[in-house]
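> Sharing a structure here in structure tokens format.
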Amino acid sequence: MVAASKKPIWITLGVVLALQTLLISYQANNRTDTTFMRVWLLGSLAPAEKLVDLTLYGIVHVWESYFALVGAHDENQKLKSEMRQLQMQLSRQHEEILEARRLRAMLSVPDSGIGKTVVARVIASDPSRSSQTITIDKGRSHGVQTDSAVITPAGVVGRVIYASNFFSIVQLILDSQSAVGVMVSSTRQQGIVTGTASRELQLDYIEDDNELKEGDEFITSGMDRVYPKGLPVGVITSVGERRGLVKVVSIRPKADFGRLEEVICILERPEAADIPGFIEDQPQQE
Amino acid sequence: MEIPRVNTLGIIGRFAIAMAAVVVIQGILAFKFRVFSYFDLPLIYSVYYGFVLGNPIASILIGSGLGLMQDSLSGALLGFNGLSKTLIGFLAASAGTKFNVDQAITRGVALFLFSIGDGLLVSILGLTAGSATSTAYGVVLGGWTLSAAFNTLLGLALFGYYDRFGNATT
């Protein structure tokens with residue numbers, strides 16, 4: 001009996017490995033745009049994710065609507081009371097906003113609003129452990145583009161790295177490849193915060209780290225042209241010894257990444273010229 | 001006697017749907033339950049198909065497909081997991097012809113080693129392509145070991161289940 005030749009196996013292995021290596025090499029060198037391939041794969045697989053997510057959501061919704069109503073009356077009364085308090089607070093803040101607008105108009109400072117937004121539902125996260133990303137159910141047809149900023153009311157979540165027609169992949173600020181232009185909200189010192197592939201962020205660069213202390217808050221500086229200025233990023237949890245140019249500073253993100261369900265996509269990207277009050281906000285040198 | 005006609009397209013379709021389902025389920029479970037990010041269902045299925053089919057060419061293509069699908073739903077460069085799962089599919093199919101992969105101990109050791117190898121290869125590719133993580137080596141190694149242990153346990157449970165109730169494409 002003649003043994004089966006192993007040649008076709010080695011040829012197949014060699015061809016597949018060579019193709020994948022070329023694919024990685026082209027992407028790493030930015031020599032070829034592979035976006036179309038990724039967008040096609042995303043557009044093919046994400047609808048299945050959405051379908052499973054909707055099914056799970058439906059099951060949970062039915063359970064919560066019909067079987068988990070024990071104590072709903074008491075909770076309803078408590079929520080009504082909270083709502084009345086919040087309405088009062090909201091009306092006070094509305095007055096403050098109107099006042100701020102009047103003052104801005106008087107001082108000719110442009111409005112620092114975040115512009116057009118769209119709310120998206122998170123349907124899945126990275127199926128591999130090689131990056132920190134999530135999939136959302138809004139894409140190019142909703143106005144989402146590559147580099148659209150993604151936030152929650154609590155703080156910055158990340159930016160869109162790939163957008164198909166109806167779905168997008170968002171790189172979280174926790175990802176080790178992520179960097180956000182920030183400033184300390186109290187001293188207005190500018191810096192860069194990067195992800196660590198864990199639940200914390202770290203300070204990569206700042207003009208002067210001597211004044212940094214636990215509890216200091218970082219907000220976006222707008223200088224990366226991805227995130228509008230003034231969005232909460234995180235709070236310093238520890239300031240360690242100097243390593244290289246800056247001290248080792250750990251930052252807890254403001255957004256709760258363990259409970260991301262809905263996020264807000266900012267559809268208008270801030271341009272350098274549109275970043276309001278950047279020059280005005282610089283601390284005066286004595 | 002008439003030989004039954006094999007519907008090649010049907011078989012490929014079933015494999016493609018099963019592969020897409022594996023990647024989609026991995027993404028959703030990792031989002032709903034944080035602990036699931038330590039599991040790697042595409043890796044487990046690459047090894048499973050390699051063992052069960054015993055056909056290196058089919059295993060190479062299945063591993064490659066699973067890995068590329070995994071990459072397309074993540075932020076990694078296309079091909080990181082594709083290349084890694086291609087090799088794992090091939091090695092699993094080769095191991096299936098040389099060792100007795102019906103024994104739990106052989107399967108467990110293979111799953112553990114393939115998981116560690118997958119983490120190592122993806123990290124090396126990340127370093128080479130300039131997109132590696134800046135996490136300390138101790139943390140990375142801990143993550144690989146935990147992931148390998150989880151994959152081994154889940155893999156053994158799933159292999160046992162499919163041996164009893166399933167077949168290669170379901």
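The chains in the structure tokens are called A, B, ... from first to last as shown; in each chain the residues are counted from 1, and the ligands are counted from 1 in the order shown.
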Considering only C-alpha atoms, return as a PyMOL selection string whatever protein or nucleic-acid residues lie within 7 Å of segment 229-239 of chain A, sequence-local ones (same chain, fewer than 3 positions apart) excluded.
chain A and resi 155-156+213-222+247-254+275
> Restricting it to C-alpha atoms, dump the selection as a PDB file, in the first residue's frame.

```
ATOM      1  CA  GLY A 155     -17.034  59.588  31.575  1.00  0.00           C
ATOM      2  CA  VAL A 156     -15.081  58.714  28.436  1.00  0.00           C
ATOM      3  CA  LYS A 213      -1.970  63.938  44.318  1.00  0.00           C
ATOM      4  CA  GLU A 214      -4.539  61.234  45.011  1.00  0.00           C
ATOM      5  CA  GLY A 215      -8.076  62.340  44.177  1.00  0.00           C
ATOM      6  CA  ASP A 216      -7.078  64.748  41.383  1.00  0.00           C
ATOM      7  CA  GLU A 217      -9.480  64.493  38.466  1.00  0.00           C
ATOM      8  CA  PHE A 218      -8.506  64.276  34.806  1.00  0.00           C
ATOM      9  CA  ILE A 219     -10.758  65.632  32.073  1.00  0.00           C
ATOM     10  CA  THR A 220     -10.243  65.542  28.302  1.00  0.00           C
ATOM     11  CA  SER A 221      -8.122  68.385  26.912  1.00  0.00           C
ATOM     12  CA  GLY A 222      -9.515  68.111  23.375  1.00  0.00           C
ATOM     13  CA  LYS A 247       5.924  59.363  38.167  1.00  0.00           C
ATOM     14  CA  VAL A 248       3.912  56.145  38.057  1.00  0.00           C
ATOM     15  CA  VAL A 249       0.364  57.470  38.422  1.00  0.00           C
ATOM     16  CA  SER A 250      -2.595  55.069  38.516  1.00  0.00           C
ATOM     17  CA  ILE A 251      -5.960  56.392  37.437  1.00  0.00           C
ATOM     18  CA  ARG A 252      -9.380  54.839  38.005  1.00  0.00           C
ATOM     19  CA  PRO A 253     -11.612  55.535  34.978  1.00  0.00           C
ATOM     20  CA  LYS A 254     -14.826  57.445  35.655  1.00  0.00           C
ATOM     21  CA  ILE A 275     -11.467  73.584  20.725  1.00  0.00           C
TER      22      ILE A 275
END
```
> Can you build me a table of chain A residues sitting at most 7 Å from chain B, with the closest atom pair per residue and its distance in Å to one decimal, using only C-alpha atoms, sorted by chain and residue number, as a tab-separated table?

```
residue	atom	partner	partner_atom	distance
A:Ile9	CA	B:Ile57	CA	5.6
A:Thr12	CA	B:Ile57	CA	6.6
A:Leu13	CA	B:Ile60	CA	6.6
A:Leu17	CA	B:Leu83	CA	6.1
A:Gln20	CA	B:Gly79	CA	5.1
A:Thr21	CA	B:Gly79	CA	7.0
A:Leu23	CA	B:Gly79	CA	6.4
A:Ile24	CA	B:Gly79	CA	5.7
A:Gln27	CA	B:Leu77	CA	6.8
A:Ala28	CA	B:Ala129	CA	5.5
A:Arg38	CA	B:Ser72	CA	5.5
A:Leu41	CA	B:Ser72	CA	6.0
A:Leu42	CA	B:Ser72	CA	6.0
A:Leu45	CA	B:Ala20	CA	6.9
A:Ala48	CA	B:Val24	CA	6.9
A:Glu49	CA	B:Val24	CA	5.6
A:Ile123	CA	B:Ile28	CA	6.8
A:Ala124	CA	B:Ile28	CA	4.6
A:Ser125	CA	B:Phe31	CA	4.8
A:Asp126	CA	B:Ser74	CA	4.8
A:Pro127	CA	B:Gly27	CA	4.2
A:Ser128	CA	B:Gln70	CA	6.3
A:Arg129	CA	B:Ser37	CA	6.7
A:Ser130	CA	B:Ala76	CA	6.2
A:Ser131	CA	B:Gly75	CA	5.6
A:Thr133	CA	B:Gly75	CA	6.0
A:Gln171	CA	B:Gly75	CA	6.6
A:Ser176	CA	B:Thr133	CA	5.2
A:Gln177	CA	B:Ser131	CA	6.8
A:Thr196	CA	B:Thr135	CA	6.0
A:Ala197	CA	B:Thr133	CA	6.8
```
> One number please: atom CA of Val150 of chain A to atom CA of Val263 of chain A, in Å, one decimal.
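Calculated distance between atom CA of Val150 of chain A and atom CA of Val263 of chain A is 6.6 Å.
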> To one decimal place, how far is atom CA of Glu200 of chain A from atom CA of Leu245 of chain A in Å?
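Computing it gives 19.8 Å between the two atoms.
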> Give me the residues near Gly50 of chain B as a list in words, where near means some atom within 9 Å (using only C-alpha atoms) and where sequence neighbours in that chain fewer than 3 positions away do not count.
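Counting only C-alpha atoms, the residues come to Tyr45, Ser46, Val47, Leu53, Gly54, Asn55, Pro56, Ala58, Ser59, Ile60, Ile62, Gly63, Ile88, Gly89, Phe90, Leu91, Ala92, Ala93, Ser94, Ala95 and Gly96 of chain B.
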> Print the selection's residues with N, CA and C atoms to a file, as a compact mmCIF listing (two decimals), in the first residue's frame.

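Writing the result to out27.txt gives the following:
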```
# COMPACT_ATOMS: atom_id res chain seq x y z
N TYR B 45 -12.49 24.92 19.93
CA TYR B 45 -13.08 24.27 18.75
C TYR B 45 -12.02 23.95 17.68
N SER B 46 -10.98 24.78 17.59
CA SER B 46 -9.89 24.45 16.65
C SER B 46 -9.25 23.12 17.04
N VAL B 47 -9.03 22.96 18.35
CA VAL B 47 -8.42 21.72 18.84
C VAL B 47 -9.39 20.55 18.64
N LEU B 53 -11.68 15.40 13.32
CA LEU B 53 -11.64 15.20 11.87
C LEU B 53 -10.41 14.41 11.44
N GLY B 54 -9.29 14.65 12.13
CA GLY B 54 -8.04 13.97 11.75
C GLY B 54 -7.59 14.32 10.35
N ASN B 55 -8.10 15.44 9.84
CA ASN B 55 -7.78 15.87 8.48
C ASN B 55 -7.03 17.20 8.59
N PRO B 56 -5.71 17.18 8.43
CA PRO B 56 -4.93 18.42 8.65
C PRO B 56 -5.36 19.58 7.76
N ALA B 58 -8.37 20.29 6.42
CA ALA B 58 -9.63 20.85 6.94
C ALA B 58 -9.37 21.60 8.25
N SER B 59 -8.52 21.04 9.10
CA SER B 59 -8.24 21.66 10.41
C SER B 59 -7.52 22.99 10.23
N ILE B 60 -6.61 23.05 9.25
CA ILE B 60 -5.90 24.31 8.97
C ILE B 60 -6.90 25.39 8.54
N ILE B 62 -10.21 25.46 9.04
CA ILE B 62 -11.14 25.78 10.14
C ILE B 62 -10.47 26.70 11.16
N GLY B 63 -9.25 26.35 11.55
CA GLY B 63 -8.52 27.19 12.51
C GLY B 63 -8.31 28.60 11.97
N ILE B 88 -2.55 25.92 15.43
CA ILE B 88 -3.15 25.04 16.44
C ILE B 88 -4.00 23.95 15.77
N GLY B 89 -4.77 24.35 14.75
CA GLY B 89 -5.59 23.37 14.01
C GLY B 89 -4.72 22.29 13.40
N PHE B 90 -3.61 22.72 12.78
CA PHE B 90 -2.69 21.78 12.13
C PHE B 90 -2.05 20.85 13.16
N LEU B 91 -1.55 21.44 14.25
CA LEU B 91 -0.88 20.63 15.27
C LEU B 91 -1.85 19.65 15.94
N ALA B 92 -3.09 20.12 16.17
CA ALA B 92 -4.09 19.24 16.80
C ALA B 92 -4.40 18.05 15.88
N ALA B 93 -4.54 18.34 14.57
CA ALA B 93 -4.82 17.25 13.62
C ALA B 93 -3.64 16.29 13.55
N SER B 94 -2.42 16.82 13.58
CA SER B 94 -1.22 15.96 13.54
C SER B 94 -1.14 15.12 14.82
N ALA B 95 -1.44 15.76 15.96
CA ALA B 95 -1.41 15.03 17.24
C ALA B 95 -2.46 13.93 17.24
N GLY B 96 -3.61 14.21 16.60
CA GLY B 96 -4.70 13.24 16.55
C GLY B 96 -4.31 11.96 15.83
```
> Run DSSP on the backbone and tell me which residues of segment 46-78 of chain B come out as alpha helix (DSSP H); list them as number ranges by chain.
B: 46-53, 56-72
